[in-house]
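Asks: Structure supplied as upload-v8.cif; contents: mmCIF, N, CA and C atoms.
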```cif
data_data
loop_
_atom_site.label_atom_id
_atom_site.label_comp_id
_atom_site.auth_asym_id
_atom_site.auth_seq_id
_atom_site.Cartn_x
_atom_site.Cartn_y
_atom_site.Cartn_z
N MET A 1 106.81 90.71 85.72
CA MET A 1 105.76 91.37 84.98
C MET A 1 106.01 92.87 84.88
N LYS A 2 106.46 93.47 85.97
CA LYS A 2 106.75 94.91 85.91
C LYS A 2 107.86 95.19 84.91
N GLN A 3 108.78 94.25 84.76
CA GLN A 3 109.89 94.45 83.84
C GLN A 3 109.40 94.59 82.41
N GLY A 4 108.27 93.99 82.10
CA GLY A 4 107.69 94.07 80.76
C GLY A 4 106.82 95.29 80.57
N GLY A 5 106.77 96.17 81.54
CA GLY A 5 105.99 97.39 81.42
C GLY A 5 104.58 97.29 82.00
N VAL A 6 104.25 96.19 82.62
CA VAL A 6 102.93 96.03 83.22
C VAL A 6 102.89 96.83 84.52
N THR A 7 101.93 97.75 84.62
CA THR A 7 101.81 98.57 85.82
C THR A 7 100.49 98.33 86.54
N ARG A 8 99.55 97.66 85.88
CA ARG A 8 98.22 97.45 86.46
C ARG A 8 97.89 95.96 86.45
N TYR A 9 97.28 95.52 87.53
CA TYR A 9 96.96 94.11 87.64
C TYR A 9 95.68 93.95 88.43
N SER A 10 94.78 93.10 87.94
CA SER A 10 93.55 92.79 88.64
C SER A 10 93.47 91.28 88.78
N TYR A 11 93.32 90.82 90.01
CA TYR A 11 93.38 89.39 90.32
C TYR A 11 92.05 88.91 90.90
N LEU A 12 91.50 87.85 90.32
CA LEU A 12 90.27 87.26 90.84
C LEU A 12 90.64 86.28 91.94
N SER A 13 90.36 86.68 93.15
CA SER A 13 90.69 85.86 94.31
C SER A 13 89.41 85.18 94.77
N GLY A 14 89.10 85.24 96.02
CA GLY A 14 87.89 84.62 96.53
C GLY A 14 87.59 85.10 97.93
N GLY A 15 86.35 84.98 98.34
CA GLY A 15 85.96 85.40 99.67
C GLY A 15 86.69 84.60 100.74
N ARG A 16 87.01 85.24 101.84
CA ARG A 16 87.63 84.63 103.02
C ARG A 16 89.01 84.00 102.76
N VAL A 17 89.74 84.54 101.82
CA VAL A 17 91.05 83.96 101.54
C VAL A 17 92.15 84.54 102.41
N SER A 18 91.88 85.59 103.13
CA SER A 18 92.94 86.23 103.90
C SER A 18 93.27 85.46 105.17
N GLN A 19 92.50 84.44 105.46
CA GLN A 19 92.73 83.70 106.68
C GLN A 19 94.03 82.90 106.58
N THR A 20 95.01 83.28 107.35
CA THR A 20 96.27 82.54 107.34
C THR A 20 96.09 81.23 108.08
N GLY A 21 96.71 80.23 107.57
CA GLY A 21 96.62 78.93 108.21
C GLY A 21 95.28 78.24 108.02
N SER A 22 94.54 78.65 107.00
CA SER A 22 93.25 78.02 106.75
C SER A 22 93.42 76.54 106.46
N MET A 23 92.44 75.75 106.84
CA MET A 23 92.51 74.32 106.55
C MET A 23 92.17 74.04 105.09
N PHE A 24 91.67 75.06 104.38
CA PHE A 24 91.31 74.89 102.98
C PHE A 24 92.46 75.34 102.08
N MET A 25 92.92 74.45 101.24
CA MET A 25 94.03 74.76 100.35
C MET A 25 93.71 75.96 99.45
N PHE A 26 92.46 76.02 98.95
CA PHE A 26 92.04 77.13 98.11
C PHE A 26 92.32 78.47 98.79
N ALA A 27 91.91 78.60 100.05
CA ALA A 27 92.08 79.85 100.78
C ALA A 27 93.55 80.16 100.99
N ARG A 28 94.35 79.16 101.31
CA ARG A 28 95.79 79.39 101.52
C ARG A 28 96.47 79.83 100.24
N VAL A 29 96.18 79.17 99.12
CA VAL A 29 96.83 79.49 97.84
C VAL A 29 96.42 80.88 97.36
N LYS A 30 95.13 81.18 97.40
CA LYS A 30 94.67 82.50 96.97
C LYS A 30 95.25 83.60 97.86
N GLY A 31 95.28 83.37 99.16
CA GLY A 31 95.85 84.35 100.08
C GLY A 31 97.33 84.60 99.81
N GLU A 32 98.07 83.55 99.56
CA GLU A 32 99.50 83.68 99.25
C GLU A 32 99.70 84.42 97.92
N ALA A 33 98.87 84.12 96.93
CA ALA A 33 98.97 84.82 95.64
C ALA A 33 98.70 86.31 95.81
N GLU A 34 97.69 86.66 96.59
CA GLU A 34 97.39 88.07 96.85
C GLU A 34 98.61 88.76 97.49
N ARG A 35 99.16 88.13 98.50
CA ARG A 35 100.30 88.72 99.22
C ARG A 35 101.47 88.96 98.27
N ARG A 36 101.78 87.98 97.45
CA ARG A 36 102.92 88.12 96.54
C ARG A 36 102.67 89.16 95.45
N LEU A 37 101.45 89.23 94.95
CA LEU A 37 101.14 90.24 93.94
C LEU A 37 101.26 91.65 94.52
N GLN A 38 100.85 91.83 95.75
CA GLN A 38 100.97 93.14 96.38
C GLN A 38 102.43 93.51 96.62
N GLU A 39 103.28 92.54 96.84
CA GLU A 39 104.70 92.80 97.06
C GLU A 39 105.41 93.25 95.78
N ILE A 40 104.89 92.89 94.62
CA ILE A 40 105.54 93.25 93.36
C ILE A 40 105.60 94.76 93.19
N GLY A 41 104.58 95.46 93.67
CA GLY A 41 104.60 96.91 93.61
C GLY A 41 103.98 97.51 92.36
N PHE A 42 102.96 96.87 91.83
CA PHE A 42 102.23 97.45 90.70
C PHE A 42 101.64 98.79 91.12
N ALA A 43 101.53 99.72 90.18
CA ALA A 43 100.85 100.98 90.47
C ALA A 43 99.40 100.70 90.81
N THR A 44 98.84 99.73 90.16
CA THR A 44 97.47 99.29 90.40
C THR A 44 97.48 97.79 90.63
N ALA A 45 97.04 97.36 91.79
CA ALA A 45 96.90 95.94 92.08
C ALA A 45 95.61 95.75 92.86
N THR A 46 94.59 95.29 92.17
CA THR A 46 93.29 95.10 92.79
C THR A 46 93.03 93.61 92.95
N MET A 47 92.68 93.22 94.16
CA MET A 47 92.33 91.83 94.45
C MET A 47 90.82 91.76 94.60
N ALA A 48 90.15 91.12 93.66
CA ALA A 48 88.70 91.00 93.70
C ALA A 48 88.33 89.76 94.50
N ARG A 49 87.51 89.95 95.53
CA ARG A 49 87.10 88.85 96.40
C ARG A 49 85.57 88.70 96.40
N PRO A 50 85.03 88.19 95.30
CA PRO A 50 83.58 87.98 95.31
C PRO A 50 83.23 86.81 96.23
N GLY A 51 82.03 86.80 96.72
CA GLY A 51 81.55 85.63 97.46
C GLY A 51 81.12 84.62 96.42
N GLY A 52 79.86 84.32 96.37
CA GLY A 52 79.35 83.42 95.35
C GLY A 52 79.18 84.13 94.03
N ILE A 53 79.67 83.53 92.96
CA ILE A 53 79.53 84.12 91.63
C ILE A 53 78.31 83.50 90.97
N LEU A 54 77.35 84.35 90.63
CA LEU A 54 76.08 83.92 90.05
C LEU A 54 76.11 84.01 88.53
N ASP A 55 75.17 83.32 87.90
CA ASP A 55 74.95 83.44 86.45
C ASP A 55 76.22 83.21 85.65
N ARG A 56 76.92 82.15 85.95
CA ARG A 56 78.18 81.86 85.26
C ARG A 56 77.97 81.19 83.91
N GLY A 57 76.76 80.85 83.60
CA GLY A 57 76.49 80.24 82.30
C GLY A 57 76.44 78.73 82.37
N LYS A 58 75.87 78.15 81.36
CA LYS A 58 75.65 76.71 81.36
C LYS A 58 76.95 75.92 81.23
N ASP A 59 78.01 76.53 80.71
CA ASP A 59 79.27 75.82 80.52
C ASP A 59 80.23 75.94 81.70
N ALA A 60 79.80 76.64 82.75
CA ALA A 60 80.68 76.83 83.90
C ALA A 60 80.95 75.49 84.59
N VAL A 61 82.17 75.34 85.03
CA VAL A 61 82.55 74.14 85.76
C VAL A 61 81.96 74.23 87.17
N LYS A 62 81.29 73.19 87.57
CA LYS A 62 80.74 73.14 88.93
C LYS A 62 81.83 72.62 89.86
N THR A 63 82.28 73.48 90.76
CA THR A 63 83.39 73.11 91.65
C THR A 63 82.91 72.51 92.95
N ASN A 64 81.63 72.59 93.19
CA ASN A 64 81.11 72.10 94.45
C ASN A 64 79.72 71.55 94.21
N TRP A 65 79.46 70.32 94.60
CA TRP A 65 78.15 69.72 94.38
C TRP A 65 77.06 70.43 95.16
N LEU A 66 77.44 71.13 96.22
CA LEU A 66 76.48 71.83 97.06
C LEU A 66 76.09 73.20 96.49
N GLU A 67 76.89 73.70 95.56
CA GLU A 67 76.69 75.04 95.02
C GLU A 67 75.27 75.28 94.48
N PRO A 68 74.72 74.42 93.63
CA PRO A 68 73.37 74.68 93.11
C PRO A 68 72.31 74.73 94.22
N ILE A 69 72.49 73.93 95.24
CA ILE A 69 71.53 73.91 96.35
C ILE A 69 71.63 75.21 97.14
N LEU A 70 72.86 75.63 97.43
CA LEU A 70 73.05 76.87 98.20
C LEU A 70 72.49 78.07 97.45
N PHE A 71 72.76 78.17 96.16
CA PHE A 71 72.27 79.31 95.39
C PHE A 71 70.75 79.27 95.24
N ALA A 72 70.17 78.09 95.35
CA ALA A 72 68.72 77.98 95.25
C ALA A 72 68.03 78.46 96.53
N ILE A 73 68.67 78.29 97.69
CA ILE A 73 68.01 78.65 98.94
C ILE A 73 68.49 79.98 99.54
N LEU A 74 69.67 80.42 99.18
CA LEU A 74 70.19 81.67 99.72
C LEU A 74 69.74 82.86 98.87
N PRO A 75 69.60 84.02 99.47
CA PRO A 75 69.21 85.20 98.69
C PRO A 75 70.29 85.55 97.66
N ARG A 76 69.85 86.03 96.49
CA ARG A 76 70.80 86.42 95.45
C ARG A 76 71.71 87.56 95.90
N SER A 77 71.29 88.30 96.90
CA SER A 77 72.11 89.42 97.38
C SER A 77 73.42 88.94 97.98
N LEU A 78 73.52 87.66 98.30
CA LEU A 78 74.77 87.12 98.85
C LEU A 78 75.77 86.77 97.76
N GLY A 79 75.33 86.88 96.51
CA GLY A 79 76.22 86.59 95.39
C GLY A 79 76.32 87.79 94.47
N ILE A 80 77.10 87.62 93.43
CA ILE A 80 77.29 88.69 92.44
C ILE A 80 77.36 88.03 91.06
N PRO A 81 76.66 88.59 90.08
CA PRO A 81 76.73 88.01 88.73
C PRO A 81 78.15 88.06 88.17
N ALA A 82 78.51 87.04 87.44
CA ALA A 82 79.85 86.96 86.84
C ALA A 82 80.15 88.19 86.00
N GLU A 83 79.16 88.68 85.28
CA GLU A 83 79.35 89.87 84.44
C GLU A 83 79.74 91.08 85.27
N ASP A 84 79.16 91.21 86.46
CA ASP A 84 79.50 92.34 87.33
C ASP A 84 80.92 92.23 87.88
N VAL A 85 81.36 91.01 88.18
CA VAL A 85 82.74 90.82 88.62
C VAL A 85 83.68 91.29 87.50
N ALA A 86 83.38 90.88 86.28
CA ALA A 86 84.21 91.26 85.13
C ALA A 86 84.23 92.78 84.94
N LYS A 87 83.07 93.42 85.03
CA LYS A 87 83.00 94.87 84.87
C LYS A 87 83.86 95.59 85.92
N ALA A 88 83.75 95.16 87.16
CA ALA A 88 84.52 95.79 88.23
C ALA A 88 86.02 95.61 88.00
N MET A 89 86.41 94.42 87.58
CA MET A 89 87.83 94.16 87.35
C MET A 89 88.37 94.96 86.17
N VAL A 90 87.58 95.07 85.11
CA VAL A 90 88.00 95.89 83.97
C VAL A 90 88.13 97.35 84.41
N ARG A 91 87.15 97.83 85.16
CA ARG A 91 87.20 99.22 85.62
C ARG A 91 88.43 99.47 86.48
N SER A 92 88.83 98.49 87.27
CA SER A 92 89.99 98.69 88.14
C SER A 92 91.28 98.89 87.36
N THR A 93 91.33 98.41 86.14
CA THR A 93 92.55 98.55 85.34
C THR A 93 92.47 99.67 84.30
N LEU A 94 91.26 100.11 83.95
CA LEU A 94 91.13 101.10 82.88
C LEU A 94 90.87 102.51 83.35
N VAL A 95 90.15 102.67 84.43
CA VAL A 95 89.74 104.00 84.86
C VAL A 95 90.82 104.63 85.73
N ASP A 96 91.22 105.82 85.37
CA ASP A 96 92.21 106.54 86.16
C ASP A 96 91.49 107.44 87.16
N ASP A 97 92.05 107.56 88.31
CA ASP A 97 91.57 108.52 89.29
C ASP A 97 92.75 109.32 89.80
N LYS A 98 92.48 110.47 90.32
CA LYS A 98 93.54 111.40 90.68
C LYS A 98 94.39 110.95 91.88
N ASN A 99 93.75 110.35 92.89
CA ASN A 99 94.49 110.04 94.11
C ASN A 99 94.88 108.57 94.25
N GLY A 100 94.54 107.74 93.30
CA GLY A 100 94.94 106.34 93.33
C GLY A 100 94.14 105.44 94.25
N GLU A 101 93.10 105.98 94.87
CA GLU A 101 92.31 105.19 95.81
C GLU A 101 91.44 104.15 95.11
N LEU A 102 91.05 104.43 93.88
CA LEU A 102 90.13 103.54 93.16
C LEU A 102 90.69 102.14 93.00
N LYS A 103 91.96 102.03 92.70
CA LYS A 103 92.49 100.77 92.22
C LYS A 103 93.36 99.98 93.18
N LYS A 104 93.58 100.49 94.33
CA LYS A 104 94.49 99.77 95.24
C LYS A 104 93.71 98.95 96.25
N GLY A 105 94.23 97.78 96.54
CA GLY A 105 93.69 97.01 97.63
C GLY A 105 92.77 95.87 97.27
N ILE A 106 92.02 95.48 98.26
CA ILE A 106 91.15 94.32 98.16
C ILE A 106 89.71 94.79 98.04
N TRP A 107 89.02 94.30 97.03
CA TRP A 107 87.63 94.66 96.82
C TRP A 107 86.76 93.47 97.20
N GLU A 108 85.99 93.63 98.25
CA GLU A 108 85.03 92.61 98.67
C GLU A 108 83.74 92.81 97.87
N MET A 109 82.72 92.04 98.19
CA MET A 109 81.47 92.03 97.42
C MET A 109 80.84 93.40 97.24
N ALA A 110 80.69 94.18 98.30
CA ALA A 110 80.03 95.48 98.20
C ALA A 110 80.78 96.40 97.25
N ARG A 111 82.09 96.43 97.34
CA ARG A 111 82.89 97.28 96.46
C ARG A 111 82.80 96.81 95.01
N LEU A 112 82.80 95.51 94.80
CA LEU A 112 82.67 94.98 93.44
C LEU A 112 81.34 95.41 92.82
N LYS A 113 80.27 95.34 93.59
CA LYS A 113 78.96 95.75 93.08
C LYS A 113 78.94 97.24 92.76
N LEU A 114 79.54 98.04 93.62
CA LEU A 114 79.61 99.49 93.41
C LEU A 114 80.39 99.82 92.14
N GLU A 115 81.54 99.20 91.95
CA GLU A 115 82.37 99.47 90.78
C GLU A 115 81.72 98.95 89.49
N ALA A 116 81.02 97.84 89.57
CA ALA A 116 80.31 97.32 88.39
C ALA A 116 79.21 98.30 87.97
N ALA A 117 78.49 98.84 88.94
CA ALA A 117 77.44 99.82 88.64
C ALA A 117 78.04 101.08 88.02
N ALA A 118 79.17 101.53 88.55
CA ALA A 118 79.84 102.72 88.00
C ALA A 118 80.29 102.47 86.56
N TYR A 119 80.81 101.29 86.31
CA TYR A 119 81.27 100.93 84.96
C TYR A 119 80.09 100.91 84.00
N THR A 120 78.97 100.34 84.43
CA THR A 120 77.76 100.30 83.59
C THR A 120 77.29 101.71 83.28
N ALA A 121 77.29 102.58 84.27
CA ALA A 121 76.87 103.97 84.06
C ALA A 121 77.81 104.69 83.09
N GLU A 122 79.10 104.43 83.22
CA GLU A 122 80.06 105.05 82.30
C GLU A 122 79.84 104.57 80.87
N LEU A 123 79.58 103.29 80.70
CA LEU A 123 79.31 102.76 79.36
C LEU A 123 78.06 103.37 78.76
N GLU A 124 77.02 103.50 79.58
CA GLU A 124 75.78 104.12 79.10
C GLU A 124 76.02 105.57 78.68
N GLY A 125 76.83 106.29 79.44
CA GLY A 125 77.17 107.66 79.08
C GLY A 125 77.91 107.74 77.75
N ILE A 126 78.82 106.82 77.52
CA ILE A 126 79.57 106.77 76.26
C ILE A 126 78.63 106.45 75.10
N ARG A 127 77.75 105.49 75.32
CA ARG A 127 76.79 105.11 74.26
C ARG A 127 75.86 106.27 73.93
N SER A 128 75.37 106.98 74.95
CA SER A 128 74.48 108.12 74.72
C SER A 128 75.20 109.23 73.96
N ALA A 129 76.45 109.48 74.34
CA ALA A 129 77.21 110.53 73.67
C ALA A 129 77.48 110.17 72.20
N SER A 130 77.74 108.91 71.92
CA SER A 130 78.01 108.51 70.53
C SER A 130 76.75 108.54 69.68
N LYS A 131 75.59 108.30 70.29
CA LYS A 131 74.32 108.39 69.55
C LYS A 131 73.98 109.83 69.19
N ASN A 132 74.41 110.77 70.04
CA ASN A 132 74.10 112.19 69.82
C ASN A 132 75.05 112.86 68.85
N GLN A 133 76.08 112.13 68.39
CA GLN A 133 77.04 112.76 67.47
C GLN A 133 76.55 112.68 66.05
#
```
Kindly return the structure encoded in the file as structure tokens.
Replies:
Amino acid sequence: MKQGGVTRYSYLSGGRVSQTGSMFMFARVKGEAERRLQEIGFATATMARPGGILDRGKDAVKTNWLEPILFAILPRSLGIPAEDVAKAMVRSTLVDDKNGELKKGIWEMARLKLEAAAYTAELEGIRSASKNQ
């Protein structure tokens, strides 16, 4: 990928995937993918690790029969809306920062929420500025 000029990469991983030797294939595969992507040496490589993804829409594939029950009884604060995951991931590849801290590493739920809010604020600023022109 780097050979084609790609310098930035944002990967949707999953919560608790860093556990080596996990009995869950999902966690092992996602963890291995994260490790290999980091080895490539992208200037920007962000691994997004949301917990539960909320509000995925009526067409979302249900991967777990227990999911609707868990989301019904657990507080929404334990999840993150799909739109916010997307905003954070887009921000990780588009926004430049001076010291490179913004885009490197693994973003857990709190960081994803923070970056999604920052992206929303930036969009609102752009919209306000274009209305005033």
Asks: How many Å lie between atom N of A:Pro50 and atom N of A:Trp107, rounded to one decimal?
Replies: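 Taking atom N of A:Pro50 and atom N of A:Trp107, their separation equals 7.5 Å.
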Asks: Please list, as an mmCIF file with N, CA and C atoms, keeping the file's coordinate frame, the residues that have an atom at most 7 Å away from (84.1, 92.7, 97.2) in the coordinates of this file, counting only C-alpha atoms.
Replies:
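Done, and the output landed in out-v8.cif:
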```cif
data_model
loop_
_atom_site.group_PDB
_atom_site.id
_atom_site.type_symbol
_atom_site.label_atom_id
_atom_site.label_comp_id
_atom_site.auth_asym_id
_atom_site.auth_seq_id
_atom_site.Cartn_x
_atom_site.Cartn_y
_atom_site.Cartn_z
ATOM 1 N N ALA A 48 90.150 91.120 93.660
ATOM 2 C CA ALA A 48 88.700 91.000 93.700
ATOM 3 C C ALA A 48 88.330 89.760 94.500
ATOM 4 N N ARG A 49 87.510 89.950 95.530
ATOM 5 C CA ARG A 49 87.100 88.850 96.400
ATOM 6 C C ARG A 49 85.570 88.700 96.400
ATOM 7 N N PRO A 50 85.030 88.190 95.300
ATOM 8 C CA PRO A 50 83.580 87.980 95.310
ATOM 9 C C PRO A 50 83.230 86.810 96.230
ATOM 10 N N TRP A 107 89.020 94.300 97.030
ATOM 11 C CA TRP A 107 87.630 94.660 96.820
ATOM 12 C C TRP A 107 86.760 93.470 97.200
ATOM 13 N N GLU A 108 85.990 93.630 98.250
ATOM 14 C CA GLU A 108 85.030 92.610 98.670
ATOM 15 C C GLU A 108 83.740 92.810 97.870
ATOM 16 N N MET A 109 82.720 92.040 98.190
ATOM 17 C CA MET A 109 81.470 92.030 97.420
ATOM 18 C C MET A 109 80.840 93.400 97.240
ATOM 19 N N ALA A 110 80.690 94.180 98.300
ATOM 20 C CA ALA A 110 80.030 95.480 98.200
ATOM 21 C C ALA A 110 80.780 96.400 97.250
ATOM 22 N N ARG A 111 82.090 96.430 97.340
ATOM 23 C CA ARG A 111 82.890 97.280 96.460
ATOM 24 C C ARG A 111 82.800 96.810 95.010
ATOM 25 N N LEU A 112 82.800 95.510 94.800
ATOM 26 C CA LEU A 112 82.670 94.980 93.440
ATOM 27 C C LEU A 112 81.340 95.410 92.820
#
```
Asks: Write out as number ranges by chain each polymer residue whose atoms come within 9 Å of stretch 86-90 of chain A, counting only C-alpha atoms; drop sequence neighbours fewer than 3 positions from it.
Replies: A: 10-12, 46-48, 81-83, 93-95, 111-120
Asks: Find the residues near stretch 26-32 of chain A: any atom within 8 Å, counting all atoms listed in the file, skip ones fewer than 2 places away on the same chain, and give them as a short mmCIF file (atom, residue, chain, number, x, y, z; two decimals) with N, CA and C atoms, in the coordinates of the input.
Replies:
```
data_model
loop_
_atom_site.label_atom_id
_atom_site.label_comp_id
_atom_site.auth_asym_id
_atom_site.auth_seq_id
_atom_site.Cartn_x
_atom_site.Cartn_y
_atom_site.Cartn_z
N LEU A 12 91.50 87.85 90.32
CA LEU A 12 90.27 87.26 90.84
C LEU A 12 90.64 86.28 91.94
N SER A 13 90.36 86.68 93.15
CA SER A 13 90.69 85.86 94.31
C SER A 13 89.41 85.18 94.77
N GLY A 14 89.10 85.24 96.02
CA GLY A 14 87.89 84.62 96.53
C GLY A 14 87.59 85.10 97.93
N GLY A 15 86.35 84.98 98.34
CA GLY A 15 85.96 85.40 99.67
C GLY A 15 86.69 84.60 100.74
N ARG A 16 87.01 85.24 101.84
CA ARG A 16 87.63 84.63 103.02
C ARG A 16 89.01 84.00 102.76
N VAL A 17 89.74 84.54 101.82
CA VAL A 17 91.05 83.96 101.54
C VAL A 17 92.15 84.54 102.41
N SER A 18 91.88 85.59 103.13
CA SER A 18 92.94 86.23 103.90
C SER A 18 93.27 85.46 105.17
N GLN A 19 92.50 84.44 105.46
CA GLN A 19 92.73 83.70 106.68
C GLN A 19 94.03 82.90 106.58
N THR A 20 95.01 83.28 107.35
CA THR A 20 96.27 82.54 107.34
C THR A 20 96.09 81.23 108.08
N GLY A 21 96.71 80.23 107.57
CA GLY A 21 96.62 78.93 108.21
C GLY A 21 95.28 78.24 108.02
N SER A 22 94.54 78.65 107.00
CA SER A 22 93.25 78.02 106.75
C SER A 22 93.42 76.54 106.46
N MET A 23 92.44 75.75 106.84
CA MET A 23 92.51 74.32 106.55
C MET A 23 92.17 74.04 105.09
N PHE A 24 91.67 75.06 104.38
CA PHE A 24 91.31 74.89 102.98
C PHE A 24 92.46 75.34 102.08
N GLU A 34 97.69 86.66 96.59
CA GLU A 34 97.39 88.07 96.85
C GLU A 34 98.61 88.76 97.49
N ARG A 35 99.16 88.13 98.50
CA ARG A 35 100.30 88.72 99.22
C ARG A 35 101.47 88.96 98.27
N ARG A 36 101.78 87.98 97.45
CA ARG A 36 102.92 88.12 96.54
C ARG A 36 102.67 89.16 95.45
N LEU A 37 101.45 89.23 94.95
CA LEU A 37 101.14 90.24 93.94
C LEU A 37 101.26 91.65 94.52
N GLN A 38 100.85 91.83 95.75
CA GLN A 38 100.97 93.14 96.38
C GLN A 38 102.43 93.51 96.62
#
```
Asks: Report the distance between atom CA of A:Glu39 and atom CA of A:Gly79 in Å, rounded to one decimal place.
Replies: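 Between atom CA of A:Glu39 and atom CA of A:Gly79 the gap works out to 29.2 Å.
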Asks: Atom C of A:Phe42 and atom CA of A:Gly125 are how many Å apart?
Replies: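 Spanning atom C of A:Phe42 to atom CA of A:Gly125 is a straight-line distance of 28.7 Å.
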Asks: Assuming the chain letters and numbering stay as they are in my file, what does the PyMOL selection byres ((chain A and resi 54) around 5) actually select? List them as a ChimeraX atom specification.
Replies: /A:52-53,55-56,80-82
Asks: Can you write out the residues you just picked, keeping N, CA and C atoms, as a short mmCIF file (atom, residue, chain, number, x, y, z; two decimals), keeping the file's coordinate frame?
Replies:
```
data_model
loop_
_atom_site.label_atom_id
_atom_site.label_comp_id
_atom_site.auth_asym_id
_atom_site.auth_seq_id
_atom_site.Cartn_x
_atom_site.Cartn_y
_atom_site.Cartn_z
N GLY A 52 79.86 84.32 96.37
CA GLY A 52 79.35 83.42 95.35
C GLY A 52 79.18 84.13 94.03
N ILE A 53 79.67 83.53 92.96
CA ILE A 53 79.53 84.12 91.63
C ILE A 53 78.31 83.50 90.97
N ASP A 55 75.17 83.32 87.90
CA ASP A 55 74.95 83.44 86.45
C ASP A 55 76.22 83.21 85.65
N ARG A 56 76.92 82.15 85.95
CA ARG A 56 78.18 81.86 85.26
C ARG A 56 77.97 81.19 83.91
N ILE A 80 77.10 87.62 93.43
CA ILE A 80 77.29 88.69 92.44
C ILE A 80 77.36 88.03 91.06
N PRO A 81 76.66 88.59 90.08
CA PRO A 81 76.73 88.01 88.73
C PRO A 81 78.15 88.06 88.17
N ALA A 82 78.51 87.04 87.44
CA ALA A 82 79.85 86.96 86.84
C ALA A 82 80.15 88.19 86.00
#
```
Asks: Generate the coordinates of N, CA, C and O atoms for stretch 110-121 of chain A; report them as a compact mmCIF listing (two decimals), in the coordinates of the input.
Replies:
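File written: result19.txt
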```txt
# COMPACT_ATOMS: atom_id res chain seq x y z
N ALA A 110 80.69 94.18 98.30
CA ALA A 110 80.03 95.48 98.20
C ALA A 110 80.78 96.40 97.25
O ALA A 110 80.17 97.10 96.43
N ARG A 111 82.09 96.43 97.34
CA ARG A 111 82.89 97.28 96.46
C ARG A 111 82.80 96.81 95.01
O ARG A 111 82.73 97.61 94.08
N LEU A 112 82.80 95.51 94.80
CA LEU A 112 82.67 94.98 93.44
C LEU A 112 81.34 95.41 92.82
O LEU A 112 81.29 95.82 91.65
N LYS A 113 80.27 95.34 93.59
CA LYS A 113 78.96 95.75 93.08
C LYS A 113 78.94 97.24 92.76
O LYS A 113 78.40 97.66 91.73
N LEU A 114 79.54 98.04 93.62
CA LEU A 114 79.61 99.49 93.41
C LEU A 114 80.39 99.82 92.14
O LEU A 114 79.95 100.63 91.31
N GLU A 115 81.54 99.20 91.95
CA GLU A 115 82.37 99.47 90.78
C GLU A 115 81.72 98.95 89.49
O GLU A 115 81.84 99.58 88.44
N ALA A 116 81.02 97.84 89.57
CA ALA A 116 80.31 97.32 88.39
C ALA A 116 79.21 98.30 87.97
O ALA A 116 79.03 98.57 86.77
N ALA A 117 78.49 98.84 88.94
CA ALA A 117 77.44 99.82 88.64
C ALA A 117 78.04 101.08 88.02
O ALA A 117 77.49 101.65 87.07
N ALA A 118 79.17 101.53 88.55
CA ALA A 118 79.84 102.72 88.00
C ALA A 118 80.29 102.47 86.56
O ALA A 118 80.15 103.33 85.69
N TYR A 119 80.81 101.29 86.31
CA TYR A 119 81.27 100.93 84.96
C TYR A 119 80.09 100.91 84.00
O TYR A 119 80.18 101.43 82.88
N THR A 120 78.97 100.34 84.43
CA THR A 120 77.76 100.30 83.59
C THR A 120 77.29 101.71 83.28
O THR A 120 76.95 102.02 82.13
N ALA A 121 77.29 102.58 84.27
CA ALA A 121 76.87 103.97 84.06
C ALA A 121 77.81 104.69 83.09
O ALA A 121 77.36 105.45 82.22
```
